[in-house]
$ cat entry33.pdb   # PDB, C-alpha atoms
ATOM      1  CA  MET B  18     -51.403 121.315 112.451  1.00  0.00           C
ATOM      2  CA  GLY B  19     -50.205 118.286 114.478  1.00  0.00           C
ATOM      3  CA  LYS B  20     -46.546 117.364 114.908  1.00  0.00           C
ATOM      4  CA  SER B  21     -47.103 113.987 113.239  1.00  0.00           C
ATOM      5  CA  PHE B  22     -48.514 115.706 110.161  1.00  0.00           C
ATOM      6  CA  VAL B  23     -45.490 118.011 110.037  1.00  0.00           C
ATOM      7  CA  ARG B  24     -43.138 115.023 110.331  1.00  0.00           C
ATOM      8  CA  ALA B  25     -44.954 113.214 107.530  1.00  0.00           C
ATOM      9  CA  MET B  26     -44.865 116.262 105.277  1.00  0.00           C
ATOM     10  CA  ASN B  27     -41.145 116.753 106.019  1.00  0.00           C
ATOM     11  CA  LEU B  28     -40.209 113.228 104.958  1.00  0.00           C
ATOM     12  CA  ILE B  29     -38.346 113.263 101.656  1.00  0.00           C
ATOM     13  CA  GLN B  30     -40.405 111.216  99.225  1.00  0.00           C
ATOM     14  CA  LYS B  31     -39.593 109.846  95.796  1.00  0.00           C
ATOM     15  CA  THR B  32     -42.921 109.315  94.044  1.00  0.00           C
ATOM     16  CA  PHE B  33     -43.891 107.663  90.782  1.00  0.00           C
ATOM     17  CA  SER B  34     -47.311 108.658  89.500  1.00  0.00           C
ATOM     18  CA  PRO B  35     -49.440 106.141  87.589  1.00  0.00           C
ATOM     19  CA  THR B  36     -48.439 105.857  83.951  1.00  0.00           C
ATOM     20  CA  GLY B  37     -52.110 105.852  82.909  1.00  0.00           C
ATOM     21  CA  LYS B  38     -54.810 108.474  83.297  1.00  0.00           C
ATOM     22  CA  SER B  39     -56.207 107.232  86.619  1.00  0.00           C
ATOM     23  CA  HIS B  40     -54.873 106.919  90.151  1.00  0.00           C
ATOM     24  CA  SER B  41     -56.956 104.376  92.054  1.00  0.00           C
ATOM     25  CA  ALA B  42     -54.379 102.685  94.306  1.00  0.00           C
ATOM     26  CA  THR B  43     -51.116 103.389  96.132  1.00  0.00           C
ATOM     27  CA  VAL B  44     -48.051 101.406  97.200  1.00  0.00           C
ATOM     28  CA  ILE B  45     -45.739 102.748  99.936  1.00  0.00           C
ATOM     29  CA  PHE B  46     -42.297 101.090  99.855  1.00  0.00           C
ATOM     30  CA  PHE B  47     -40.099 101.580 102.970  1.00  0.00           C
ATOM     31  CA  HIS B  48     -36.302 101.271 102.652  1.00  0.00           C
ATOM     32  CA  GLY B  49     -33.966  99.481 105.068  1.00  0.00           C
ATOM     33  CA  SER B  50     -31.940 101.024 107.893  1.00  0.00           C
ATOM     34  CA  GLY B  51     -29.350 103.600 106.882  1.00  0.00           C
ATOM     35  CA  ASP B  52     -30.717 103.905 103.360  1.00  0.00           C
ATOM     36  CA  THR B  53     -32.968 106.430 101.602  1.00  0.00           C
ATOM     37  CA  GLY B  54     -36.000 106.240  99.366  1.00  0.00           C
ATOM     38  CA  SER B  55     -33.965 107.563  96.436  1.00  0.00           C
ATOM     39  CA  ASN B  56     -31.291 104.899  96.890  1.00  0.00           C
ATOM     40  CA  LEU B  57     -33.966 102.198  96.986  1.00  0.00           C
ATOM     41  CA  VAL B  58     -35.377 103.558  93.733  1.00  0.00           C
ATOM     42  CA  GLU B  59     -31.912 103.348  92.143  1.00  0.00           C
ATOM     43  CA  TRP B  60     -31.425  99.786  93.440  1.00  0.00           C
ATOM     44  CA  ILE B  61     -34.734  98.681  91.941  1.00  0.00           C
ATOM     45  CA  ARG B  62     -33.974 100.482  88.678  1.00  0.00           C
ATOM     46  CA  PHE B  63     -30.611  98.709  88.440  1.00  0.00           C
ATOM     47  CA  LEU B  64     -32.186  95.271  88.977  1.00  0.00           C
ATOM     48  CA  LEU B  65     -35.240  95.719  86.754  1.00  0.00           C
ATOM     49  CA  GLY B  66     -33.695  97.976  84.147  1.00  0.00           C
ATOM     50  CA  GLN B  67     -36.604 100.355  84.710  1.00  0.00           C
ATOM     51  CA  ASP B  68     -38.604 102.013  87.479  1.00  0.00           C
ATOM     52  CA  MET B  69     -41.311 100.169  89.378  1.00  0.00           C
ATOM     53  CA  THR B  70     -44.398 101.793  87.868  1.00  0.00           C
ATOM     54  CA  PHE B  71     -48.005 100.787  87.183  1.00  0.00           C
ATOM     55  CA  GLY B  72     -50.800 102.125  85.031  1.00  0.00           C
ATOM     56  CA  HIS B  73     -53.183 103.031  87.870  1.00  0.00           C
ATOM     57  CA  ILE B  74     -50.998 102.765  90.989  1.00  0.00           C
ATOM     58  CA  LYS B  75     -48.899 105.493  92.572  1.00  0.00           C
ATOM     59  CA  VAL B  76     -45.688 104.227  94.209  1.00  0.00           C
ATOM     60  CA  VAL B  77     -44.158 106.214  97.082  1.00  0.00           C
ATOM     61  CA  PHE B  78     -40.614 105.762  98.414  1.00  0.00           C
ATOM     62  CA  PRO B  79     -40.284 107.843 101.601  1.00  0.00           C
ATOM     63  CA  THR B  80     -36.990 108.411 103.424  1.00  0.00           C
ATOM     64  CA  ALA B  81     -36.768 107.725 107.155  1.00  0.00           C
ATOM     65  CA  PRO B  82     -35.958 110.597 109.524  1.00  0.00           C
ATOM     66  CA  LEU B  83     -32.371 111.079 110.679  1.00  0.00           C
ATOM     67  CA  GLN B  84     -32.110 109.924 114.303  1.00  0.00           C
ATOM     68  CA  LYS B  85     -29.799 108.225 116.797  1.00  0.00           C
ATOM     69  CA  TYR B  86     -29.526 104.482 116.224  1.00  0.00           C
ATOM     70  CA  THR B  87     -28.371 102.228 119.062  1.00  0.00           C
ATOM     71  CA  PRO B  88     -26.847  99.419 116.895  1.00  0.00           C
ATOM     72  CA  LEU B  89     -24.494 102.102 115.489  1.00  0.00           C
ATOM     73  CA  ASP B  90     -23.498 103.228 119.013  1.00  0.00           C
ATOM     74  CA  GLY B  91     -25.960 106.098 118.889  1.00  0.00           C
ATOM     75  CA  GLU B  92     -24.740 107.604 115.616  1.00  0.00           C
ATOM     76  CA  LEU B  93     -27.273 109.419 113.453  1.00  0.00           C
ATOM     77  CA  SER B  94     -28.806 107.334 110.683  1.00  0.00           C
ATOM     78  CA  ASN B  95     -31.871 107.309 108.443  1.00  0.00           C
ATOM     79  CA  VAL B  96     -33.888 104.724 110.353  1.00  0.00           C
ATOM     80  CA  TRP B  97     -37.609 104.279 110.903  1.00  0.00           C
ATOM     81  CA  PHE B  98     -37.204 103.480 114.591  1.00  0.00           C
ATOM     82  CA  ASP B  99     -34.520 102.673 117.133  1.00  0.00           C
ATOM     83  CA  ARG B 100     -33.844  99.175 118.452  1.00  0.00           C
ATOM     84  CA  LYS B 101     -31.619  97.730 121.144  1.00  0.00           C
ATOM     85  CA  SER B 102     -29.947  95.305 118.753  1.00  0.00           C
ATOM     86  CA  ILE B 103     -30.557  93.544 115.445  1.00  0.00           C
ATOM     87  CA  SER B 104     -31.950  90.400 117.015  1.00  0.00           C
ATOM     88  CA  ILE B 105     -35.309  88.670 117.078  1.00  0.00           C
ATOM     89  CA  GLU B 106     -34.757  88.186 120.826  1.00  0.00           C
ATOM     90  CA  ALA B 107     -34.441  91.916 121.583  1.00  0.00           C
ATOM     91  CA  LYS B 108     -37.327  93.832 123.122  1.00  0.00           C
ATOM     92  CA  GLU B 109     -38.961  96.422 120.902  1.00  0.00           C
ATOM     93  CA  CYS B 110     -38.290 100.105 121.556  1.00  0.00           C
ATOM     94  CA  ARG B 111     -41.985 100.898 121.698  1.00  0.00           C
ATOM     95  CA  LEU B 112     -41.554 104.606 122.420  1.00  0.00           C
ATOM     96  CA  SER B 113     -39.511 104.982 119.230  1.00  0.00           C
ATOM     97  CA  LEU B 114     -42.059 102.907 117.301  1.00  0.00           C
ATOM     98  CA  ALA B 115     -44.926 105.058 118.589  1.00  0.00           C
ATOM     99  CA  SER B 116     -43.308 108.134 117.074  1.00  0.00           C
ATOM    100  CA  ILE B 117     -43.036 106.639 113.584  1.00  0.00           C
ATOM    101  CA  TYR B 118     -46.556 105.192 113.883  1.00  0.00           C
ATOM    102  CA  GLU B 119     -47.906 108.738 113.931  1.00  0.00           C
ATOM    103  CA  THR B 120     -45.872 109.691 110.887  1.00  0.00           C
ATOM    104  CA  VAL B 121     -46.928 106.601 108.924  1.00  0.00           C
ATOM    105  CA  ALA B 122     -50.562 107.144 109.878  1.00  0.00           C
ATOM    106  CA  GLU B 123     -50.322 110.598 108.324  1.00  0.00           C
ATOM    107  CA  LEU B 124     -48.741 109.165 105.169  1.00  0.00           C
ATOM    108  CA  LEU B 125     -51.747 106.865 104.877  1.00  0.00           C
ATOM    109  CA  LYS B 126     -54.138 109.717 105.637  1.00  0.00           C
ATOM    110  CA  THR B 127     -52.644 111.769 102.810  1.00  0.00           C
ATOM    111  CA  GLU B 128     -53.531 109.013 100.339  1.00  0.00           C
ATOM    112  CA  ILE B 129     -57.000 108.446 101.844  1.00  0.00           C
ATOM    113  CA  ASP B 130     -57.747 112.180 101.790  1.00  0.00           C
ATOM    114  CA  SER B 131     -56.819 112.225  98.096  1.00  0.00           C
ATOM    115  CA  GLY B 132     -59.566 109.675  97.423  1.00  0.00           C
ATOM    116  CA  ILE B 133     -57.724 106.346  97.728  1.00  0.00           C
ATOM    117  CA  ALA B 134     -59.641 103.834  99.853  1.00  0.00           C
ATOM    118  CA  GLU B 135     -57.790 101.992 102.625  1.00  0.00           C
ATOM    119  CA  HIS B 136     -58.359  98.682 100.863  1.00  0.00           C
ATOM    120  CA  ARG B 137     -56.564 100.092  97.805  1.00  0.00           C
ATOM    121  CA  ILE B 138     -53.269 100.713  99.641  1.00  0.00           C
ATOM    122  CA  ILE B 139     -50.338  98.311  99.987  1.00  0.00           C
ATOM    123  CA  VAL B 140     -47.374  98.902 102.305  1.00  0.00           C
ATOM    124  CA  GLY B 141     -44.107  97.031 102.133  1.00  0.00           C
ATOM    125  CA  GLY B 142     -40.405  97.269 102.610  1.00  0.00           C
ATOM    126  CA  PHE B 143     -36.926  95.836 102.750  1.00  0.00           C
ATOM    127  CA  SER B 144     -35.321  94.787 106.068  1.00  0.00           C
ATOM    128  CA  MET B 145     -36.277  97.409 108.709  1.00  0.00           C
ATOM    129  CA  GLY B 146     -38.714  98.793 106.144  1.00  0.00           C
ATOM    130  CA  GLY B 147     -40.365  95.374 105.963  1.00  0.00           C
ATOM    131  CA  ALA B 148     -40.710  95.347 109.745  1.00  0.00           C
ATOM    132  CA  LEU B 149     -42.339  98.793 109.598  1.00  0.00           C
ATOM    133  CA  ALA B 150     -44.699  97.540 106.895  1.00  0.00           C
ATOM    134  CA  MET B 151     -45.793  94.654 109.121  1.00  0.00           C
ATOM    135  CA  HIS B 152     -46.358  97.070 112.002  1.00  0.00           C
ATOM    136  CA  THR B 153     -48.321  99.303 109.632  1.00  0.00           C
ATOM    137  CA  GLY B 154     -50.651  96.707 108.132  1.00  0.00           C
ATOM    138  CA  PHE B 155     -51.128  94.397 111.093  1.00  0.00           C
ATOM    139  CA  HIS B 156     -51.131  96.951 113.917  1.00  0.00           C
ATOM    140  CA  ILE B 157     -51.684 100.558 112.779  1.00  0.00           C
ATOM    141  CA  ASN B 158     -54.291  99.913 110.071  1.00  0.00           C
ATOM    142  CA  GLN B 159     -55.570  96.386 109.478  1.00  0.00           C
ATOM    143  CA  SER B 160     -57.899  97.524 106.663  1.00  0.00           C
ATOM    144  CA  LEU B 161     -55.173  97.917 104.058  1.00  0.00           C
ATOM    145  CA  ALA B 162     -55.071  95.771 100.914  1.00  0.00           C
ATOM    146  CA  GLY B 163     -51.710  94.166 101.468  1.00  0.00           C
ATOM    147  CA  VAL B 164     -48.336  93.984 103.184  1.00  0.00           C
ATOM    148  CA  PHE B 165     -45.044  92.749 101.769  1.00  0.00           C
ATOM    149  CA  ALA B 166     -41.740  92.248 103.568  1.00  0.00           C
ATOM    150  CA  ILE B 167     -38.318  91.389 102.139  1.00  0.00           C
ATOM    151  CA  SER B 168     -35.517  90.133 104.410  1.00  0.00           C
ATOM    152  CA  ALA B 169     -37.377  91.293 107.512  1.00  0.00           C
ATOM    153  CA  PHE B 170     -38.536  90.080 110.914  1.00  0.00           C
ATOM    154  CA  LEU B 171     -40.585  91.025 113.970  1.00  0.00           C
ATOM    155  CA  ASN B 172     -39.188  90.792 117.483  1.00  0.00           C
ATOM    156  CA  LYS B 173     -40.483  88.060 119.742  1.00  0.00           C
ATOM    157  CA  GLY B 174     -43.303  89.495 121.852  1.00  0.00           C
ATOM    158  CA  SER B 175     -43.937  92.209 119.243  1.00  0.00           C
ATOM    159  CA  VAL B 176     -46.821  94.612 119.775  1.00  0.00           C
ATOM    160  CA  VAL B 177     -48.006  93.435 116.342  1.00  0.00           C
ATOM    161  CA  TYR B 178     -48.865  90.024 117.790  1.00  0.00           C
ATOM    162  CA  ASP B 179     -50.642  91.687 120.727  1.00  0.00           C
ATOM    163  CA  SER B 180     -52.691  93.763 118.310  1.00  0.00           C
ATOM    164  CA  LEU B 181     -53.690  90.763 116.211  1.00  0.00           C
ATOM    165  CA  LYS B 182     -54.531  88.718 119.293  1.00  0.00           C
ATOM    166  CA  THR B 183     -56.874  91.374 120.702  1.00  0.00           C
ATOM    167  CA  ARG B 184     -58.451  92.719 117.504  1.00  0.00           C
ATOM    168  CA  THR B 185     -62.178  93.223 117.898  1.00  0.00           C
ATOM    169  CA  ASN B 186     -63.262  92.850 114.279  1.00  0.00           C
ATOM    170  CA  ALA B 187     -62.053  89.278 113.893  1.00  0.00           C
ATOM    171  CA  ASP B 188     -64.505  88.534 111.097  1.00  0.00           C
ATOM    172  CA  LYS B 189     -62.911  91.157 108.844  1.00  0.00           C
ATOM    173  CA  SER B 190     -60.091  89.891 106.633  1.00  0.00           C
ATOM    174  CA  LEU B 191     -56.566  91.101 107.274  1.00  0.00           C
ATOM    175  CA  PRO B 192     -54.282  92.486 104.545  1.00  0.00           C
ATOM    176  CA  ASN B 193     -52.854  90.040 102.027  1.00  0.00           C
ATOM    177  CA  PHE B 194     -49.277  89.154 102.954  1.00  0.00           C
ATOM    178  CA  LEU B 195     -46.200  88.316 100.893  1.00  0.00           C
ATOM    179  CA  MET B 196     -42.781  87.660 102.422  1.00  0.00           C
ATOM    180  CA  PHE B 197     -39.422  87.017 100.724  1.00  0.00           C
ATOM    181  CA  HIS B 198     -36.235  85.943 102.499  1.00  0.00           C
ATOM    182  CA  GLY B 199     -32.786  84.995 101.249  1.00  0.00           C
ATOM    183  CA  ASP B 200     -31.560  81.574 102.324  1.00  0.00           C
ATOM    184  CA  ARG B 201     -27.998  82.886 102.804  1.00  0.00           C
ATOM    185  CA  ASP B 202     -28.908  86.032 104.742  1.00  0.00           C
ATOM    186  CA  SER B 203     -26.418  86.342 107.627  1.00  0.00           C
ATOM    187  CA  LEU B 204     -27.654  89.703 108.957  1.00  0.00           C
ATOM    188  CA  VAL B 205     -31.308  88.652 109.245  1.00  0.00           C
ATOM    189  CA  PRO B 206     -31.278  84.838 109.169  1.00  0.00           C
ATOM    190  CA  LEU B 207     -33.931  83.007 107.197  1.00  0.00           C
ATOM    191  CA  LYS B 208     -35.178  81.339 110.393  1.00  0.00           C
ATOM    192  CA  TRP B 209     -36.120  84.772 111.829  1.00  0.00           C
ATOM    193  CA  GLY B 210     -38.219  85.553 108.788  1.00  0.00           C
ATOM    194  CA  LYS B 211     -39.887  82.137 108.821  1.00  0.00           C
ATOM    195  CA  GLU B 212     -40.583  82.356 112.565  1.00  0.00           C
ATOM    196  CA  THR B 213     -42.176  85.770 112.014  1.00  0.00           C
ATOM    197  CA  PHE B 214     -44.288  84.446 109.150  1.00  0.00           C
ATOM    198  CA  ASP B 215     -45.447  81.404 111.158  1.00  0.00           C
ATOM    199  CA  ASN B 216     -46.319  83.586 114.157  1.00  0.00           C
ATOM    200  CA  LEU B 217     -48.386  85.885 111.957  1.00  0.00           C
ATOM    201  CA  LEU B 218     -50.227  82.884 110.502  1.00  0.00           C
ATOM    202  CA  ASP B 219     -50.949  81.693 114.053  1.00  0.00           C
ATOM    203  CA  HIS B 220     -52.571  85.096 114.667  1.00  0.00           C
ATOM    204  CA  GLY B 221     -54.891  84.978 111.674  1.00  0.00           C
ATOM    205  CA  VAL B 222     -52.773  86.397 108.851  1.00  0.00           C
ATOM    206  CA  ARG B 223     -52.819  84.542 105.545  1.00  0.00           C
ATOM    207  CA  GLY B 224     -50.092  84.843 102.975  1.00  0.00           C
ATOM    208  CA  THR B 225     -47.109  83.376 101.158  1.00  0.00           C
ATOM    209  CA  PHE B 226     -43.521  82.877 102.321  1.00  0.00           C
ATOM    210  CA  VAL B 227     -40.931  82.688  99.532  1.00  0.00           C
ATOM    211  CA  PRO B 228     -37.381  81.510 100.391  1.00  0.00           C
ATOM    212  CA  VAL B 229     -34.982  82.892  97.792  1.00  0.00           C
ATOM    213  CA  ARG B 230     -32.063  80.598  96.910  1.00  0.00           C
ATOM    214  CA  ASN B 231     -28.442  81.784  96.975  1.00  0.00           C
ATOM    215  CA  THR B 232     -29.503  85.179  98.288  1.00  0.00           C
ATOM    216  CA  MET B 233     -27.949  87.218 101.084  1.00  0.00           C
ATOM    217  CA  HIS B 234     -29.347  90.402 102.689  1.00  0.00           C
ATOM    218  CA  GLU B 235     -30.266  91.951  99.363  1.00  0.00           C
ATOM    219  CA  LEU B 236     -32.947  92.535  96.775  1.00  0.00           C
ATOM    220  CA  LYS B 237     -33.087  90.243  93.772  1.00  0.00           C
ATOM    221  CA  LYS B 238     -34.691  90.759  90.366  1.00  0.00           C
ATOM    222  CA  SER B 239     -36.768  87.597  90.792  1.00  0.00           C
ATOM    223  CA  GLU B 240     -38.279  89.008  93.998  1.00  0.00           C
ATOM    224  CA  LEU B 241     -39.172  92.301  92.360  1.00  0.00           C
ATOM    225  CA  LEU B 242     -40.801  90.601  89.363  1.00  0.00           C
ATOM    226  CA  GLN B 243     -42.918  88.400  91.659  1.00  0.00           C
ATOM    227  CA  LEU B 244     -43.697  91.440  93.779  1.00  0.00           C
ATOM    228  CA  LYS B 245     -44.933  93.416  90.771  1.00  0.00           C
ATOM    229  CA  ASP B 246     -47.216  90.561  89.743  1.00  0.00           C
ATOM    230  CA  TRP B 247     -48.551  90.260  93.304  1.00  0.00           C
ATOM    231  CA  ILE B 248     -49.217  94.004  93.567  1.00  0.00           C
ATOM    232  CA  SER B 249     -51.089  93.926  90.249  1.00  0.00           C
ATOM    233  CA  THR B 250     -53.210  91.018  91.527  1.00  0.00           C
ATOM    234  CA  VAL B 251     -54.032  92.613  94.892  1.00  0.00           C
ATOM    235  CA  LEU B 252     -54.678  96.041  93.353  1.00  0.00           C
ATOM    236  CA  PRO B 253     -56.266  95.352  89.960  1.00  0.00           C
ATOM    237  CA  PRO B 254     -57.554  98.250  87.843  1.00  0.00           C
ATOM    238  CA  LEU B 255     -61.017  99.496  88.701  1.00  0.00           C
ATOM    239  CA  GLU B 256     -63.696  99.783  86.061  1.00  0.00           C
ATOM    240  CA  SER B 257     -63.121 103.545  86.073  1.00  0.00           C
ATOM    241  CA  ASP B 258     -59.429 102.996  85.263  1.00  0.00           C
ATOM    242  CA  LEU B 259     -60.365 100.910  82.235  1.00  0.00           C
ATOM    243  CA  THR B 260     -62.963 103.463  81.137  1.00  0.00           C
ATOM    244  CA  ASN B 261     -60.375 106.263  81.283  1.00  0.00           C
ATOM    245  CA  LYS B 262     -58.194 104.346  78.847  1.00  0.00           C
ATOM    246  CA  LEU B 263     -60.836 104.621  76.156  1.00  0.00           C
TER     247      LEU B 263
END

$ encode --input "entry33.pdb" --output "structure tokens"
Amino acid sequence: MGKSFVRAMNLIQKTFSPTGKSHSATVIFFHGSGDTGSNLVEWIRFLLGQDMTFGHIKVVFPTAPLQKYTPLDGELSNVWFDRKSISIEAKECRLSLASIYETVAELLKTEIDSGIAEHRIIVGGFSMGGALAMHTGFHINQSLAGVFAISAFLNKGSVVYDSLKTRTNADKSLPNFLMFHGDRDSLVPLKWGKETFDNLLDHGVRGTFVPVRNTMHELKKSELLQLKDWISTVLPPLESDLTNKL
């Protein structure tokens, strides 16, 4: 059993099974730095007044491993990867990223091994979790159904851009992309999110960028409602799901 598989299995995960009889798609929602999957679930529940669930889609909220985090002077924190600073100008810590890549790949493999096709999986996240989602769908596995990012950015010179620039199967469509960003975000400025989005478009990604008015570094109910509609559009029920309702 590989170390990456062990790491993936050891991640604490809050999971919501489909509310219907079938499971034909999966969404993996990554939290921001210093948070947990359970806290993200509670945040969403507070804003929506209910859990984020779907009839045929399983939703997974994993918790990042506890590790040293440079922006906190090396203190331990639940973060997906380390970084030199919270800045679009900083160089990526690619060794740290490589470690979480293996873990995320195993999370995806768990869903695929259970019978969920790659093109029936969406990954997304808030802040650092959104960055990990972009790394996941545009670098680790470009065959996924979709990627969403909320209040997130990629570093200039990101390996994600290198991967998109050199991809061999250029005729194959990339994951659908949806990006939200608060116009009053002082931690991750709107211009970082928009620059990331524009760079991804320049590398062949197609999607939608949604500036959110009067919003800081936070989730908003309006974002979550749009996100739920988008997920339902990208991952519609299969004929088998509809049959199982009868």

$ atom_distance --input "entry33.pdb" --atom1 "atom CA of Arg201 of chain B" --atom2 "atom CA of Ile167 of chain B"
13.4 Å

$ closest_atom_pairs --input "entry33.pdb" --of "segment 81-144 of chain B" --to "segment 237-246 of chain B" --cutoff "12 Å" --atoms "only C-alpha atoms" --output "CSV"
residue,atom,partner,partner_atom,distance
B:Ile139,CA,B:Leu244,CA,11.4
B:Val140,CA,B:Leu244,CA,11.9
B:Gly141,CA,B:Leu244,CA,10.1
B:Gly142,CA,B:Leu244,CA,11.1
B:Phe143,CA,B:Glu240,CA,11.2

$ atom_distance --input "entry33.pdb" --atom1 "atom CA of Pro254 of chain B" --atom2 "atom CA of Leu161 of chain B"
16.4 Å

$ closest_residue --input "entry33.pdb" --among "B:Pro228, B:Asp258, B:Glu212, B:Ile45" --to "Ala162 of chain B" --atoms "only C-alpha atoms"
B:Ile45

$ residues_around --input "entry33.pdb" --residues "Gln159 of chain B" --least-positions-apart "2" --cutoff "10 Å" --atoms "all atoms listed in the file" --output "PDB file with C-alpha atoms, keeping the file's coordinate frame"
ATOM      1  CA  GLU B 135     -57.790 101.992 102.625  1.00  0.00           C
ATOM      2  CA  HIS B 136     -58.359  98.682 100.863  1.00  0.00           C
ATOM      3  CA  MET B 151     -45.793  94.654 109.121  1.00  0.00           C
ATOM      4  CA  HIS B 152     -46.358  97.070 112.002  1.00  0.00           C
ATOM      5  CA  THR B 153     -48.321  99.303 109.632  1.00  0.00           C
ATOM      6  CA  GLY B 154     -50.651  96.707 108.132  1.00  0.00           C
ATOM      7  CA  PHE B 155     -51.128  94.397 111.093  1.00  0.00           C
ATOM      8  CA  HIS B 156     -51.131  96.951 113.917  1.00  0.00           C
ATOM      9  CA  ILE B 157     -51.684 100.558 112.779  1.00  0.00           C
ATOM     10  CA  LEU B 161     -55.173  97.917 104.058  1.00  0.00           C
ATOM     11  CA  ALA B 162     -55.071  95.771 100.914  1.00  0.00           C
ATOM     12  CA  GLY B 163     -51.710  94.166 101.468  1.00  0.00           C
ATOM     13  CA  VAL B 164     -48.336  93.984 103.184  1.00  0.00           C
ATOM     14  CA  SER B 180     -52.691  93.763 118.310  1.00  0.00           C
ATOM     15  CA  LEU B 181     -53.690  90.763 116.211  1.00  0.00           C
ATOM     16  CA  ARG B 184     -58.451  92.719 117.504  1.00  0.00           C
ATOM     17  CA  ASN B 186     -63.262  92.850 114.279  1.00  0.00           C
ATOM     18  CA  LYS B 189     -62.911  91.157 108.844  1.00  0.00           C
ATOM     19  CA  SER B 190     -60.091  89.891 106.633  1.00  0.00           C
ATOM     20  CA  LEU B 191     -56.566  91.101 107.274  1.00  0.00           C
ATOM     21  CA  PRO B 192     -54.282  92.486 104.545  1.00  0.00           C
TER      22      PRO B 192
END

$ decode --input "entry33.pdb" --residues "segment 229-241 of chain B" --atoms "N, CA and C atoms" --output "CSV table (one decimal), in the first residue's frame"
chain,number,residue,atom,x,y,z
B,229,VAL,N,-18.1,39.4,-6.9
B,229,VAL,CA,-19.2,39.5,-5.9
B,229,VAL,C,-19.1,40.8,-5.1
B,230,ARG,N,-20.1,41.6,-5.2
B,230,ARG,CA,-20.1,43.0,-4.7
B,230,ARG,C,-20.2,42.9,-3.1
B,231,ASN,N,-19.5,43.9,-2.6
B,231,ASN,CA,-19.5,44.1,-1.1
B,231,ASN,C,-19.2,42.9,-0.3
B,232,THR,N,-18.2,42.2,-0.9
B,232,THR,CA,-17.8,40.9,-0.3
B,232,THR,C,-16.3,40.8,0.0
B,233,MET,N,-15.9,40.5,1.2
B,233,MET,CA,-14.5,40.4,1.6
B,233,MET,C,-14.1,38.9,1.4
B,234,HIS,N,-13.1,38.5,2.2
B,234,HIS,CA,-12.6,37.1,2.0
B,234,HIS,C,-13.5,36.1,2.8
B,235,GLU,N,-14.6,35.8,2.1
B,235,GLU,CA,-15.6,35.0,2.8
B,235,GLU,C,-16.5,34.4,1.7
B,236,LEU,N,-17.3,33.4,2.2
B,236,LEU,CA,-18.4,32.8,1.4
B,236,LEU,C,-19.6,33.6,1.5
B,237,LYS,N,-20.4,33.7,0.5
B,237,LYS,CA,-21.7,34.3,0.5
B,237,LYS,C,-22.8,33.4,0.0
B,238,LYS,N,-24.0,33.6,0.5
B,238,LYS,CA,-25.1,32.7,0.1
B,238,LYS,C,-25.3,32.8,-1.4
B,239,SER,N,-25.2,33.9,-2.0
B,239,SER,CA,-25.4,34.1,-3.4
B,239,SER,C,-24.5,33.2,-4.2
B,240,GLU,N,-23.2,33.1,-3.7
B,240,GLU,CA,-22.2,32.3,-4.4
B,240,GLU,C,-22.6,30.8,-4.3
B,241,LEU,N,-23.0,30.4,-3.1
B,241,LEU,CA,-23.4,29.0,-3.0
B,241,LEU,C,-24.6,28.6,-3.8
